[in-house]
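Coordinates as given in start.pdb (PDB, C-alpha atoms, pLDDT in the B column):
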```
ATOM      1  CA  MET A   1     -14.059  53.585  27.487  1.00 50.00           C
ATOM      2  CA  GLY A   2     -13.805  52.420  23.860  1.00 48.00           C
ATOM      3  CA  ARG A   3     -12.696  48.954  25.026  1.00 47.00           C
ATOM      4  CA  VAL A   4     -15.657  48.689  27.407  1.00 43.00           C
ATOM      5  CA  TYR A   5     -18.031  49.710  24.625  1.00 43.00           C
ATOM      6  CA  ASN A   6     -16.505  47.157  22.223  1.00 47.00           C
ATOM      7  CA  LEU A   7     -16.724  44.476  24.932  1.00 41.00           C
ATOM      8  CA  ASN A   8     -20.385  45.272  25.540  1.00 50.00           C
ATOM      9  CA  VAL A   9     -21.142  45.173  21.809  1.00 44.00           C
ATOM     10  CA  THR A  10     -19.334  41.846  21.433  1.00 45.00           C
ATOM     11  CA  SER A  11     -21.187  40.386  24.428  1.00 50.00           C
ATOM     12  CA  SER A  12     -24.495  41.575  23.012  1.00 50.00           C
ATOM     13  CA  ILE A  13     -23.749  39.965  19.656  1.00 47.00           C
ATOM     14  CA  ILE A  14     -22.885  36.658  21.346  1.00 46.00           C
ATOM     15  CA  VAL A  15     -26.079  36.721  23.411  1.00 43.00           C
ATOM     16  CA  VAL A  16     -28.215  37.490  20.344  1.00 44.00           C
ATOM     17  CA  ALA A  17     -26.525  34.686  18.364  1.00 47.00           C
ATOM     18  CA  MET A  18     -27.140  32.209  21.181  1.00 47.00           C
ATOM     19  CA  LEU A  19     -30.793  33.245  21.396  1.00 44.00           C
ATOM     20  CA  LEU A  20     -31.188  32.803  17.641  1.00 46.00           C
ATOM     21  CA  LEU A  21     -29.662  29.326  17.825  1.00 45.00           C
ATOM     22  CA  ILE A  22     -31.917  28.319  20.715  1.00 42.00           C
ATOM     23  CA  PHE A  23     -34.992  29.731  18.994  1.00 42.00           C
ATOM     24  CA  GLY A  24     -34.056  27.974  15.744  1.00 47.00           C
ATOM     25  CA  ASP A  25     -33.682  24.617  17.533  1.00 43.00           C
ATOM     26  CA  PHE A  26     -36.978  25.183  19.310  1.00 37.00           C
ATOM     27  CA  GLN A  27     -38.717  25.977  16.021  1.00 41.00           C
ATOM     28  CA  GLU A  28     -37.271  22.890  14.348  1.00 38.00           C
ATOM     29  CA  SER A  29     -38.217  20.706  17.323  1.00 40.00           C
ATOM     30  CA  SER A  30     -41.707  22.196  17.468  1.00 39.00           C
ATOM     31  CA  SER A  31     -42.172  21.749  13.725  1.00 37.00           C
ATOM     32  CA  SER A  32     -41.169  18.095  14.001  1.00 36.00           C
ATOM     33  CA  ARG A  33     -43.636  17.533  16.811  1.00 34.00           C
ATOM     34  CA  VAL A  34     -46.385  19.258  14.874  1.00 31.00           C
ATOM     35  CA  LEU A  35     -45.717  17.121  11.792  1.00 34.00           C
ATOM     36  CA  VAL A  36     -45.922  13.933  13.840  1.00 34.00           C
ATOM     37  CA  LYS A  37     -49.112  15.019  15.580  1.00 35.00           C
ATOM     38  CA  ALA A  38     -50.622  16.179  12.304  1.00 31.00           C
ATOM     39  CA  ARG A  39     -49.812  12.976  10.418  1.00 36.00           C
ATOM     40  CA  PRO A  40     -53.026  12.361   8.428  1.00 41.00           C
ATOM     41  CA  LEU A  41     -54.932   9.114   8.750  1.00 43.00           C
ATOM     42  CA  LEU A  42     -54.906   7.077   5.550  1.00 46.00           C
ATOM     43  CA  TYR A  43     -58.383   5.840   6.332  1.00 45.00           C
ATOM     44  CA  SER A  44     -60.960   6.197   9.074  1.00 48.00           C
ATOM     45  CA  SER A  45     -60.117   4.359  12.298  1.00 48.00           C
ATOM     46  CA  SER A  46     -63.782   3.990  13.243  1.00 49.00           C
ATOM     47  CA  SER A  47     -63.800   0.268  12.435  1.00 84.00           C
ATOM     48  CA  ARG A  48     -60.729  -0.678  14.485  1.00 93.00           C
ATOM     49  CA  PRO A  49     -61.602  -4.059  16.059  1.00 95.00           C
ATOM     50  CA  ARG A  50     -60.921  -4.959  19.679  1.00 96.00           C
ATOM     51  CA  PRO A  51     -57.399  -6.337  20.302  1.00 97.00           C
ATOM     52  CA  ALA A  52     -59.001  -9.561  21.560  1.00 97.00           C
ATOM     53  CA  ASP A  53     -60.501 -10.155  18.100  1.00 97.00           C
ATOM     54  CA  ALA A  54     -57.190 -11.279  16.614  1.00 98.00           C
ATOM     55  CA  ALA A  55     -58.289 -12.323  13.117  1.00 98.00           C
ATOM     56  CA  PRO A  56     -60.480  -9.271  12.296  1.00 96.00           C
ATOM     57  CA  PHE A  57     -57.826  -7.022  13.847  1.00 97.00           C
ATOM     58  CA  ALA A  58     -55.066  -8.502  11.683  1.00 97.00           C
ATOM     59  CA  ARG A  59     -57.166  -8.142   8.540  1.00 96.00           C
ATOM     60  CA  TRP A  60     -58.051  -4.555   9.457  1.00 96.00           C
ATOM     61  CA  LEU A  61     -54.378  -3.696   9.981  1.00 97.00           C
ATOM     62  CA  VAL A  62     -53.310  -5.176   6.650  1.00 97.00           C
ATOM     63  CA  SER A  63     -56.259  -3.717   4.746  1.00 95.00           C
ATOM     64  CA  HIS A  64     -55.669  -0.174   6.007  1.00 94.00           C
ATOM     65  CA  SER A  65     -51.889  -0.179   5.483  1.00 96.00           C
ATOM     66  CA  SER A  66     -50.090   0.706   2.272  1.00 97.00           C
ATOM     67  CA  TRP A  67     -46.443  -0.171   2.948  1.00 98.00           C
ATOM     68  CA  GLY A  68     -44.179  -2.214   5.185  1.00 98.00           C
ATOM     69  CA  VAL A  69     -40.802  -3.965   5.374  1.00 98.00           C
ATOM     70  CA  LEU A  70     -40.382  -7.018   3.147  1.00 98.00           C
ATOM     71  CA  ASN A  71     -37.599  -9.404   4.154  1.00 98.00           C
ATOM     72  CA  THR A  72     -35.968 -11.901   1.815  1.00 98.00           C
ATOM     73  CA  ILE A  73     -32.924 -14.191   1.985  1.00 98.00           C
ATOM     74  CA  ALA A  74     -29.770 -12.592   0.533  1.00 98.00           C
ATOM     75  CA  ASP A  75     -27.808 -15.398  -1.084  1.00 96.00           C
ATOM     76  CA  ASP A  76     -24.917 -13.045  -1.842  1.00 96.00           C
ATOM     77  CA  MET A  77     -24.595 -12.157   1.856  1.00 97.00           C
ATOM     78  CA  GLY A  78     -24.375 -15.684   3.213  1.00 97.00           C
ATOM     79  CA  GLY A  79     -28.120 -16.110   3.589  1.00 97.00           C
ATOM     80  CA  ALA A  80     -28.590 -13.032   5.791  1.00 98.00           C
ATOM     81  CA  PRO A  81     -32.087 -11.513   5.900  1.00 97.00           C
ATOM     82  CA  PHE A  82     -32.481  -8.422   3.722  1.00 98.00           C
ATOM     83  CA  GLY A  83     -35.211  -5.947   4.669  1.00 98.00           C
ATOM     84  CA  ASN A  84     -36.617  -3.474   2.169  1.00 98.00           C
ATOM     85  CA  VAL A  85     -39.375  -0.853   2.404  1.00 98.00           C
ATOM     86  CA  VAL A  86     -42.034  -1.684  -0.185  1.00 98.00           C
ATOM     87  CA  SER A  87     -45.557  -0.628  -1.096  1.00 98.00           C
ATOM     88  CA  PHE A  88     -48.276  -3.254  -1.214  1.00 98.00           C
ATOM     89  CA  SER A  89     -52.020  -3.803  -1.397  1.00 98.00           C
ATOM     90  CA  ASP A  90     -54.423  -6.582  -0.495  1.00 97.00           C
ATOM     91  CA  GLY A  91     -57.349  -4.807  -2.182  1.00 93.00           C
ATOM     92  CA  GLN A  92     -59.565  -1.876  -1.282  1.00 81.00           C
ATOM     93  CA  PRO A  93     -59.722  -0.853   2.407  1.00 74.00           C
ATOM     94  CA  ASP A  94     -62.395  -2.831   4.285  1.00 71.00           C
ATOM     95  CA  SER A  95     -62.764  -5.250   1.379  1.00 83.00           C
ATOM     96  CA  GLY A  96     -59.247  -6.637   0.890  1.00 91.00           C
ATOM     97  CA  SER A  97     -58.371 -10.301   0.514  1.00 96.00           C
ATOM     98  CA  GLY A  98     -55.779 -10.318   3.305  1.00 97.00           C
ATOM     99  CA  ILE A  99     -53.084 -11.434   0.854  1.00 98.00           C
ATOM    100  CA  PRO A 100     -50.310  -8.857   0.281  1.00 98.00           C
ATOM    101  CA  TYR A 101     -49.465  -8.145  -3.355  1.00 98.00           C
ATOM    102  CA  PHE A 102     -46.304  -6.328  -4.447  1.00 98.00           C
ATOM    103  CA  TYR A 103     -45.080  -4.619  -7.632  1.00 98.00           C
ATOM    104  CA  LEU A 104     -41.371  -5.407  -7.834  1.00 98.00           C
ATOM    105  CA  THR A 105     -38.510  -5.223 -10.308  1.00 98.00           C
ATOM    106  CA  THR A 106     -35.373  -7.366 -10.426  1.00 97.00           C
ATOM    107  CA  LEU A 107     -33.374  -4.131 -10.610  1.00 97.00           C
ATOM    108  CA  ASP A 108     -34.039  -4.173  -6.861  1.00 96.00           C
ATOM    109  CA  PRO A 109     -32.499  -7.008  -4.800  1.00 97.00           C
ATOM    110  CA  THR A 110     -35.789  -8.036  -3.134  1.00 98.00           C
ATOM    111  CA  ALA A 111     -37.315  -9.504  -6.298  1.00 98.00           C
ATOM    112  CA  THR A 112     -34.013 -11.096  -7.315  1.00 98.00           C
ATOM    113  CA  TYR A 113     -33.651 -12.807  -3.943  1.00 98.00           C
ATOM    114  CA  ALA A 114     -37.268 -13.991  -3.971  1.00 98.00           C
ATOM    115  CA  LEU A 115     -36.888 -15.623  -7.373  1.00 97.00           C
ATOM    116  CA  LYS A 116     -34.013 -17.709  -5.947  1.00 97.00           C
ATOM    117  CA  ASP A 117     -35.425 -18.371  -2.464  1.00 98.00           C
ATOM    118  CA  GLN A 118     -39.113 -17.704  -1.869  1.00 98.00           C
ATOM    119  CA  ARG A 119     -38.858 -17.658   1.950  1.00 98.00           C
ATOM    120  CA  SER A 120     -39.957 -14.186   3.051  1.00 98.00           C
ATOM    121  CA  SER A 121     -41.592 -12.191   5.811  1.00 98.00           C
ATOM    122  CA  PHE A 122     -43.507  -8.927   5.697  1.00 99.00           C
ATOM    123  CA  THR A 123     -43.896  -6.570   8.673  1.00 98.00           C
ATOM    124  CA  ILE A 124     -46.464  -3.792   9.089  1.00 98.00           C
ATOM    125  CA  SER A 125     -46.894  -1.297  11.932  1.00 98.00           C
ATOM    126  CA  GLU A 126     -50.147   0.366  12.945  1.00 98.00           C
ATOM    127  CA  TYR A 127     -48.127   3.504  13.676  1.00 98.00           C
ATOM    128  CA  ASN A 128     -47.982   4.199   9.940  1.00 95.00           C
ATOM    129  CA  ILE A 129     -51.776   4.379   9.730  1.00 95.00           C
ATOM    130  CA  GLY A 130     -51.882   7.136  12.349  1.00 95.00           C
ATOM    131  CA  THR A 131     -54.160   5.386  14.855  1.00 96.00           C
ATOM    132  CA  CYS A 132     -51.627   4.950  17.669  1.00 97.00           C
ATOM    133  CA  GLY A 133     -52.059   8.467  19.041  1.00 95.00           C
ATOM    134  CA  LYS A 134     -49.007   9.566  21.037  1.00 96.00           C
ATOM    135  CA  LYS A 135     -47.826   6.022  21.734  1.00 97.00           C
ATOM    136  CA  ASP A 136     -44.364   4.809  20.823  1.00 98.00           C
ATOM    137  CA  PRO A 137     -44.282   2.444  17.809  1.00 98.00           C
ATOM    138  CA  GLU A 138     -42.868  -0.324  20.053  1.00 98.00           C
ATOM    139  CA  ASN A 139     -45.716  -0.005  22.567  1.00 98.00           C
ATOM    140  CA  PRO A 140     -47.579  -3.355  22.348  1.00 98.00           C
ATOM    141  CA  SER A 141     -50.927  -1.563  22.075  1.00 98.00           C
ATOM    142  CA  CYS A 142     -49.668   0.063  18.859  1.00 98.00           C
ATOM    143  CA  ALA A 143     -50.139  -3.067  16.773  1.00 98.00           C
ATOM    144  CA  LYS A 144     -47.637  -4.748  14.519  1.00 98.00           C
ATOM    145  CA  ILE A 145     -47.920  -7.853  12.380  1.00 98.00           C
ATOM    146  CA  THR A 146     -45.399 -10.067  10.596  1.00 98.00           C
ATOM    147  CA  LEU A 147     -46.654 -12.384   7.872  1.00 98.00           C
ATOM    148  CA  THR A 148     -44.218 -15.168   6.991  1.00 98.00           C
ATOM    149  CA  GLY A 149     -44.380 -17.437   3.954  1.00 98.00           C
ATOM    150  CA  LYS A 150     -43.325 -17.745   0.339  1.00 98.00           C
ATOM    151  CA  LEU A 151     -43.006 -14.778  -2.027  1.00 98.00           C
ATOM    152  CA  ASN A 152     -44.076 -15.936  -5.480  1.00 98.00           C
ATOM    153  CA  VAL A 153     -44.369 -14.126  -8.803  1.00 98.00           C
ATOM    154  CA  LEU A 154     -47.808 -14.298 -10.436  1.00 98.00           C
ATOM    155  CA  ASP A 155     -48.574 -15.333 -13.989  1.00 97.00           C
ATOM    156  CA  ASN A 156     -49.380 -11.961 -15.540  1.00 93.00           C
ATOM    157  CA  LYS A 157     -52.185 -13.542 -17.598  1.00 95.00           C
ATOM    158  CA  SER A 158     -54.003 -14.985 -14.611  1.00 97.00           C
ATOM    159  CA  ASN A 159     -57.198 -13.627 -13.051  1.00 97.00           C
ATOM    160  CA  GLU A 160     -55.355 -13.206  -9.771  1.00 97.00           C
ATOM    161  CA  ALA A 161     -52.725 -11.021 -11.440  1.00 97.00           C
ATOM    162  CA  GLU A 162     -55.486  -8.813 -12.827  1.00 97.00           C
ATOM    163  CA  TYR A 163     -57.060  -8.518  -9.367  1.00 96.00           C
ATOM    164  CA  ALA A 164     -53.667  -7.795  -7.785  1.00 97.00           C
ATOM    165  CA  GLN A 165     -52.811  -5.124 -10.361  1.00 97.00           C
ATOM    166  CA  ASN A 166     -56.118  -3.343  -9.777  1.00 96.00           C
ATOM    167  CA  ALA A 167     -55.548  -3.545  -6.026  1.00 97.00           C
ATOM    168  CA  LEU A 168     -52.033  -2.117  -6.332  1.00 98.00           C
ATOM    169  CA  PHE A 169     -52.795   0.631  -8.839  1.00 97.00           C
ATOM    170  CA  SER A 170     -55.873   1.816  -6.951  1.00 96.00           C
ATOM    171  CA  LYS A 171     -53.897   2.252  -3.735  1.00 96.00           C
ATOM    172  CA  HIS A 172     -50.680   3.428  -5.452  1.00 97.00           C
ATOM    173  CA  PRO A 173     -51.746   5.245  -8.676  1.00 97.00           C
ATOM    174  CA  GLU A 174     -48.240   6.316  -9.672  1.00 98.00           C
ATOM    175  CA  MET A 175     -47.194   2.674 -10.111  1.00 98.00           C
ATOM    176  CA  GLU A 176     -49.014   2.611 -13.440  1.00 96.00           C
ATOM    177  CA  ASP A 177     -46.534   5.173 -14.825  1.00 97.00           C
ATOM    178  CA  TRP A 178     -43.356   3.510 -13.585  1.00 98.00           C
ATOM    179  CA  PRO A 179     -40.834   2.719 -16.376  1.00 97.00           C
ATOM    180  CA  LYS A 180     -41.958  -0.225 -18.530  1.00 95.00           C
ATOM    181  CA  ASP A 181     -38.352  -1.179 -19.296  1.00 96.00           C
ATOM    182  CA  HIS A 182     -37.849  -1.942 -15.588  1.00 97.00           C
ATOM    183  CA  ASN A 183     -39.973  -5.075 -16.071  1.00 95.00           C
ATOM    184  CA  PHE A 184     -42.033  -4.786 -12.900  1.00 98.00           C
ATOM    185  CA  GLN A 185     -43.791  -8.004 -11.914  1.00 98.00           C
ATOM    186  CA  ILE A 186     -46.570  -8.743  -9.462  1.00 98.00           C
ATOM    187  CA  PHE A 187     -45.658 -10.899  -6.482  1.00 98.00           C
ATOM    188  CA  LYS A 188     -47.849 -12.325  -3.729  1.00 98.00           C
ATOM    189  CA  LEU A 189     -46.987 -13.563  -0.265  1.00 98.00           C
ATOM    190  CA  ASP A 190     -48.432 -17.023   0.369  1.00 98.00           C
ATOM    191  CA  ILE A 191     -48.881 -16.817   4.130  1.00 98.00           C
ATOM    192  CA  GLU A 192     -47.720 -19.711   6.313  1.00 98.00           C
ATOM    193  CA  ASN A 193     -47.344 -18.066   9.716  1.00 98.00           C
ATOM    194  CA  ILE A 194     -48.665 -14.949  11.468  1.00 98.00           C
ATOM    195  CA  PHE A 195     -47.117 -12.999  14.348  1.00 98.00           C
ATOM    196  CA  LEU A 196     -49.485 -10.364  15.746  1.00 98.00           C
ATOM    197  CA  ILE A 197     -48.911  -8.047  18.712  1.00 98.00           C
ATOM    198  CA  ASN A 198     -51.739  -5.626  19.481  1.00 98.00           C
ATOM    199  CA  TRP A 199     -51.766  -5.564  23.291  1.00 98.00           C
ATOM    200  CA  PHE A 200     -49.662  -6.461  26.312  1.00 98.00           C
ATOM    201  CA  GLY A 201     -49.141 -10.138  27.127  1.00 97.00           C
ATOM    202  CA  GLY A 202     -47.397 -11.520  24.049  1.00 97.00           C
ATOM    203  CA  PRO A 203     -48.454 -12.414  20.506  1.00 98.00           C
ATOM    204  CA  LYS A 204     -52.014 -13.431  19.687  1.00 97.00           C
ATOM    205  CA  PRO A 205     -52.461 -17.030  18.493  1.00 96.00           C
ATOM    206  CA  LEU A 206     -53.665 -16.786  14.899  1.00 98.00           C
ATOM    207  CA  THR A 207     -53.514 -19.285  12.025  1.00 98.00           C
ATOM    208  CA  PRO A 208     -53.480 -18.340   8.326  1.00 98.00           C
ATOM    209  CA  ASP A 209     -56.818 -20.120   7.917  1.00 98.00           C
ATOM    210  CA  GLU A 210     -58.424 -18.052  10.684  1.00 98.00           C
ATOM    211  CA  TYR A 211     -56.890 -14.904   9.243  1.00 98.00           C
ATOM    212  CA  LEU A 212     -58.032 -15.491   5.666  1.00 98.00           C
ATOM    213  CA  HIS A 213     -61.552 -16.648   6.523  1.00 96.00           C
ATOM    214  CA  THR A 214     -62.642 -13.977   8.956  1.00 94.00           C
ATOM    215  CA  SER A 215     -64.799 -10.910   8.426  1.00 79.00           C
ATOM    216  CA  LEU A 216     -63.209  -7.471   8.344  1.00 72.00           C
ATOM    217  CA  PHE A 217     -66.171  -6.073  10.238  1.00 57.00           C
ATOM    218  CA  THR A 218     -67.256  -6.363  13.853  1.00 48.00           C
ATOM    219  CA  SER A 219     -70.391  -5.164  15.576  1.00 40.00           C
ATOM    220  CA  ASN A 220     -70.564  -1.677  17.090  1.00 36.00           C
ATOM    221  CA  GLU A 221     -70.116  -2.976  20.629  1.00 37.00           C
ATOM    222  CA  ASN A 222     -66.761  -4.436  19.560  1.00 38.00           C
ATOM    223  CA  MET A 223     -65.344  -1.111  18.394  1.00 35.00           C
ATOM    224  CA  HIS A 224     -62.133  -0.085  20.140  1.00 37.00           C
ATOM    225  CA  PHE A 225     -60.248   3.182  20.047  1.00 32.00           C
ATOM    226  CA  ILE A 226     -56.809   4.330  21.163  1.00 37.00           C
ATOM    227  CA  VAL A 227     -56.813   7.578  23.080  1.00 30.00           C
TER     228      VAL A 227
END
```
Output the file's structure as structure tokens, nothing else.
Amino acid sequence: MGRVYNLNVTSSIIVVAMLLLIFGDFQESSSSRVLVKARPLLYSSSSRPRPADAAPFARWLVSHSSWGVLNTIADDMGGAPFGNVVSFSDGQPDSGSGIPYFYLTTLDPTATYALKDQRSSFTISEYNIGTCGKKDPENPSCAKITLTGKLNVLDNKSNEAEYAQNALFSKHPEMEDWPKDHNFQIFKLDIENIFLINWFGGPKPLTPDEYLHTSLFTSNENMHFIV
């Protein structure tokens, strides 16, 4: 009888442990889903242009983003591309210039590579803004843009450097307190090519001139939302 009782107790303990494990996994999974669904919008999505309006859409995407992946040429790795997550700003949301500015230090390889070979590309995903709903980041209707060109350091005494610093510090306030002995410098990406996907059917044809000289705003009938 004692053996049966011990067996029952052991079985009960095993069952309880399994239930706790399952419940713990469920809680963790549920928490993850809640965090994704509750990801806050950086800015209002009410001005999201129609996908067909390639230039305003591209400017909207850049203006409302705050970070992306900056790729440079790694000379110490045989010229392989080196991607790095970086913060950036093109100005205030809905009034940016369209030109990405970066605050970089040569203690990080990205700036070092750029000073040797300016060829660079910068990729941004709409998913990071929070306006893609439940769609997968690779879904073509969840937009992504890659700006390709030359990454150049700005003269810190120029008017453009002053504009860029204000743009960066207003969107990323903590940058102002980063260590001075790290010698951060302001870089800009001079855009030469644009790859934009914001719907099915392949990339939208878009030149740098069209991109830089378009309005960020469209009329109300052109508003488009992802559900």
Requested in this report: Give as a ChimeraX atom specification the residues that the PyMOL selection byres ((chain A and resi 100) around 12) matches when applied to the coordinates above.
Outcome: /A:59,61-70,86-92,96-99,101-103,120-124,146-152,163-165,167-168,186-191,212
Report task. Measuring atom to atom with only C-alpha atoms, identify which of A:Ser95, A:Thr131, A:Thr106, A:Thr207 is nearest to Asp181 of chain A. Result -> A:Thr106
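Across the structure, atom CA of Tyr127 of chain A and atom CA of Ala143 of chain A are spaced 7.5 Å apart.
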Query raised in the report: Which residues fall under the PyMOL selection byres ((chain A and resi 76) around 12) in this file, as a PyMOL selection string?
Result: chain A and resi 72-75+77-82+109+112-113+116-117
Query - Picked residues, the PyMOL selection byres ((chain A and resi 197) around 9), as number ranges by chain - result: A: 51, 140-145, 195-196, 198-204
Query - atom CA of Pro93 of chain A to atom CA of Glu138 of chain A, distance in Å rounded to a single decimal - result: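 It comes out at 24.4 Å.
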Requested in this report: Would you mind telling me which residue in A:Asn84, A:Ser125, A:Thr105, A:Asn71 lies nearest to Pro179 of chain A when using all atoms listed in the file?
Outcome: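 For Pro179 of chain A, the nearest of the candidates is A:Thr105.
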Query raised in the report: From the list A:Ile129, A:Ile194, A:Ala114, A:Ala161, which residue is nearest Trp60 of chain A when using all atoms listed in the file?
Result: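 The shortest atom-to-atom distance to Trp60 of chain A comes from A:Ile129.
For the atom pair formed by atom CA of Trp178 of chain A and atom CA of Glu126 of chain A, the distance is 27.6 Å, given to one decimal.
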